[in-house]
Amino acid sequence: MHIFQLTPAISTGDAVSNDAIALEAVLRDMGYTDSMIYSPAIGNGIPKSIAQDTRDLPPLSADDICLYHLAIGGPVNQMFKELPCRKVVIFHNITPAKFFEKYDKNSADLCRQGLKESAELAGVTEHAIAISEFDAQDLRKLGYTCPIDVVPILIPFDDYAKKPTESIAAEKGKKTTFLFTGRVAPNKKQGDLIEAFYYYKKNYNASSRLVIAGGYGEQDPYYKDLAAYRDALGLSQEDVKFTGHISFADLLAWYRCADVFLCLSEHEGFCVPLVEAMYFDLPIIAYDSSAVGETLSYGGLLLSDKNPLLVAGAMNRVVSDPKLRAELVANGRERLKDFDREKVAEKFRAVIRKLAG
Amino acid sequence: MAATVNVEEIMNEIREDIQKKGYKKDQLSFEDFSAGATGLTRYGFDEKTALEILSDASRQWQLTSWKPLTGGKVKRFFKRCIRHCAYWLMDPVLMDQSNFNSSSVKMMDQFVSYVDLRNSETADMRKQISELQEEVNSLRKQLAEKN
């Protein structure tokens, strides 16, 4: 019996890809030494020893197991459906199309298609792994009646001990820095971050900045609206900094340089940046939506109301109240233990052992 | 052991503080800002909207200086005099503008027709791709069975 993983695409810095790569290491440690990740779209920097093209998929037998990372619509969903082996879905959730309708009809269509195809896979899926209980519930709504195990994303915390970019890390303390990490996308509501930051800067602390660390395209309509909004509010490019796609060393540095992690996203399947912020002892303020509340839990300040004046007030409170700040950091450290690599790896191993019989 | 943070209490304190200090929203939210004052959809083509706009433009392209005169007898007389004095200046300008409007509407019509044509071609290509994909999948299956 062979076990392999299938992903629509694999590249560095992507949450789905990182999870696949981390799980690959666990599978090989378990003795599945010929395990491999297959994908039709392999990005630069992914070694052939980790991932190969789907064209190189070897002949499969009925008792082989394919672990498929389901995260979007596309032809790989159909490929997975037709594989002559046992099928396990690892569900990362699919962003609802409504977030993209205004800005990117192609992405909206892909998301709609993804949900439709996900529902069609319910009938052929023997077992499912959801990266959060929120995602597990979404699978049930899509008609999945197979057993579903919740296994959070496997995060390689050792990597976060690597050296950060010194020039960025050295900026710590110069200005109160609020950080959000994640690609610029309508569901992540960077527009709401800018609005809340405007009121924070105006009402509480002029010596502050908001750093949005995540990739975007210069011609991306959503990014253009964000930049125009920032300008319309009278905020400078230093007040609201869009880093674009950055190196891992730069990302580490921003986490070390920041004072607070701020998330007002309205749809996340898990939200790895929350766990990263906990690792870096950043107090977290987040809006309770989708899987955010589940991942953060008691590990930060979870808001049910994202009125920008209230969010700005919360930002001020976390910065200026040392007792609250210390409590949030301590709670984050406690919550982080639930995402310990070995703990999560053992949950995954348990699923594999169940499947292997 | 996690410390209990009373989020509700903290948020109530913040609300009171905001009220006490009189902080108010003085800017458009991002949602309102990105909708735009004119309500134009800047991103993404919608055929129904395009046809509606084209239909409106087709009725509105031609300009004329003539408007029914309103008001009492004296007012109407003076307005008629002003119109008579100004028509030699206004009418040529309005004619030029109407010609430009006519060209613009024709161009919009061309664009909509172009989109129709491309949509039709794209639908054909999608169908071909789907058929080819099925063929490829079938051949892969056959190859796998042979092996």
# chains A, B, ... in the order shown; residues from 1 in each chain; ligands from 1

$ interface_residues --of "chain B" --to "chain A" --cutoff "12 Å" --atoms "only C-alpha atoms" --output "PyMOL selection string"
chain B and resi 1-19+21-36+39-46+129-130+133-134+136-138+140-147

$ residues_around --residues "B:Ser55" --least-positions-apart "6" --cutoff "10 Å" --atoms "only C-alpha atoms" --output "number ranges by chain"
B: 49, 105, 109

$ closest_residue --among "B:Leu117, B:Gln128, B:Val74, B:Ser98" --to "B:Arg59" --atoms "only C-alpha atoms"
B:Ser98

$ select_by_dssp --residues "chain B" --states "alpha helix (DSSP H)" --output "number ranges by chain"
B: 7-21, 30-35, 47-60, 73-146

$ residues_around --residues "stretch 65-74 of chain A" --least-positions-apart "6" --cutoff "8 Å" --atoms "only C-alpha atoms" --output "ChimeraX atom specification"
/A:1-8,16,20,80,85-94,110-115,117-118

$ write_last_selection --atoms "N, CA and C atoms" --output "compact mmCIF listing (two decimals), in the first residue's frame"
# COMPACT_ATOMS: atom_id res chain seq x y z
N MET A 1 0.86 -1.21 0.00
CA MET A 1 0.00 0.00 0.00
C MET A 1 0.89 1.25 0.00
N HIS A 2 0.62 2.12 -0.93
CA HIS A 2 1.37 3.39 -1.00
C HIS A 2 0.48 4.55 -0.61
N ILE A 3 1.10 5.55 -0.03
CA ILE A 3 0.35 6.78 0.30
C ILE A 3 1.04 7.94 -0.39
N PHE A 4 0.27 8.78 -1.03
CA PHE A 4 0.85 9.97 -1.65
C PHE A 4 -0.13 11.13 -1.47
N GLN A 5 0.40 12.33 -1.71
CA GLN A 5 -0.43 13.53 -1.61
C GLN A 5 -0.61 14.15 -2.99
N LEU A 6 -1.73 14.81 -3.16
CA LEU A 6 -2.03 15.50 -4.41
C LEU A 6 -2.46 16.93 -4.07
N THR A 7 -1.87 17.89 -4.75
CA THR A 7 -2.30 19.28 -4.52
C THR A 7 -2.52 19.97 -5.86
N PRO A 8 -3.43 20.95 -5.93
CA PRO A 8 -3.64 21.68 -7.19
C PRO A 8 -2.37 22.44 -7.62
N VAL A 16 -1.19 25.98 2.15
CA VAL A 16 -1.55 24.62 1.74
C VAL A 16 -0.28 23.83 1.40
N ALA A 20 1.35 20.51 3.19
CA ALA A 20 1.66 19.28 2.45
C ALA A 20 3.10 18.84 2.67
N PHE A 80 -8.61 13.85 -9.20
CA PHE A 80 -8.70 13.13 -7.92
C PHE A 80 -9.91 12.20 -7.93
N CYS A 85 -7.85 4.67 -6.67
CA CYS A 85 -7.31 4.29 -5.37
C CYS A 85 -8.23 4.82 -4.29
N ARG A 86 -7.86 4.61 -3.04
CA ARG A 86 -8.67 5.12 -1.92
C ARG A 86 -8.45 6.62 -1.81
N LYS A 87 -9.54 7.34 -1.50
CA LYS A 87 -9.44 8.81 -1.56
C LYS A 87 -9.72 9.45 -0.20
N VAL A 88 -8.78 10.31 0.20
CA VAL A 88 -8.92 11.05 1.46
C VAL A 88 -8.77 12.53 1.12
N VAL A 89 -9.72 13.33 1.55
CA VAL A 89 -9.66 14.77 1.29
C VAL A 89 -9.08 15.47 2.53
N ILE A 90 -8.11 16.35 2.30
CA ILE A 90 -7.66 17.26 3.37
C ILE A 90 -8.24 18.62 3.00
N PHE A 91 -9.24 19.07 3.73
CA PHE A 91 -10.03 20.23 3.34
C PHE A 91 -9.48 21.50 3.99
N HIS A 92 -9.06 22.44 3.12
CA HIS A 92 -8.53 23.72 3.61
C HIS A 92 -9.56 24.84 3.51
N ASN A 93 -10.73 24.49 3.06
CA ASN A 93 -11.84 25.42 2.85
C ASN A 93 -11.67 26.23 1.58
N ILE A 94 -12.79 26.68 1.07
CA ILE A 94 -12.80 27.46 -0.17
C ILE A 94 -13.49 28.78 0.13
N LEU A 110 -14.11 30.58 -9.87
CA LEU A 110 -13.30 29.43 -9.42
C LEU A 110 -13.77 28.96 -8.05
N CYS A 111 -14.10 29.90 -7.20
CA CYS A 111 -14.55 29.54 -5.84
C CYS A 111 -15.90 28.83 -5.91
N ARG A 112 -16.78 29.38 -6.76
CA ARG A 112 -18.11 28.75 -6.90
C ARG A 112 -17.95 27.34 -7.45
N GLN A 113 -17.10 27.23 -8.46
CA GLN A 113 -16.83 25.94 -9.09
C GLN A 113 -16.22 24.99 -8.07
N GLY A 114 -15.32 25.54 -7.24
CA GLY A 114 -14.66 24.74 -6.21
C GLY A 114 -15.64 24.14 -5.23
N LEU A 115 -16.61 24.93 -4.81
CA LEU A 115 -17.61 24.43 -3.86
C LEU A 115 -18.46 23.34 -4.51
N GLU A 117 -17.57 21.40 -7.01
CA GLU A 117 -16.75 20.19 -7.19
C GLU A 117 -16.49 19.50 -5.86
N SER A 118 -16.33 20.29 -4.80
CA SER A 118 -16.11 19.70 -3.46
C SER A 118 -17.31 18.83 -3.08

$ residues_around --residues "stretch 267-271 of chain A" --least-positions-apart "5" --cutoff "7 Å" --atoms "only C-alpha atoms" --output "PyMOL selection string"
chain A and resi 92-93+95+131-132+135+187-188+289-292+295

$ write_last_selection --atoms "C-alpha atoms" --output "PDB file, in the first residue's frame"
ATOM      1  CA  HIS A  92      -8.532  23.719   3.606  1.00  0.00           C
ATOM      2  CA  ASN A  93     -11.838  25.424   2.855  1.00  0.00           C
ATOM      3  CA  THR A  95     -13.355  31.190   0.107  1.00  0.00           C
ATOM      4  CA  ILE A 131      -7.872  21.646   9.349  1.00  0.00           C
ATOM      5  CA  SER A 132     -10.437  23.120  11.750  1.00  0.00           C
ATOM      6  CA  ASP A 135     -13.993  23.386   8.015  1.00  0.00           C
ATOM      7  CA  ASN A 187     -11.889  38.177   2.332  1.00  0.00           C
ATOM      8  CA  LYS A 188      -8.991  39.242   4.548  1.00  0.00           C
ATOM      9  CA  SER A 289     -15.280  35.069  12.063  1.00  0.00           C
ATOM     10  CA  SER A 290     -15.083  31.682  10.299  1.00  0.00           C
ATOM     11  CA  ALA A 291     -12.189  29.651  11.825  1.00  0.00           C
ATOM     12  CA  VAL A 292     -10.487  32.669  13.438  1.00  0.00           C
ATOM     13  CA  THR A 295      -7.859  28.971  16.119  1.00  0.00           C
TER      14      THR A 295
END

$ atom_distance --atom1 "atom CA of A:Lys116" --atom2 "atom CA of A:Asn77"
10.4 Å

$ closest_residue --among "A:Gln137, A:Gln219, A:Thr145, A:Ser107" --to "A:Val124" --atoms "only C-alpha atoms"
A:Thr145
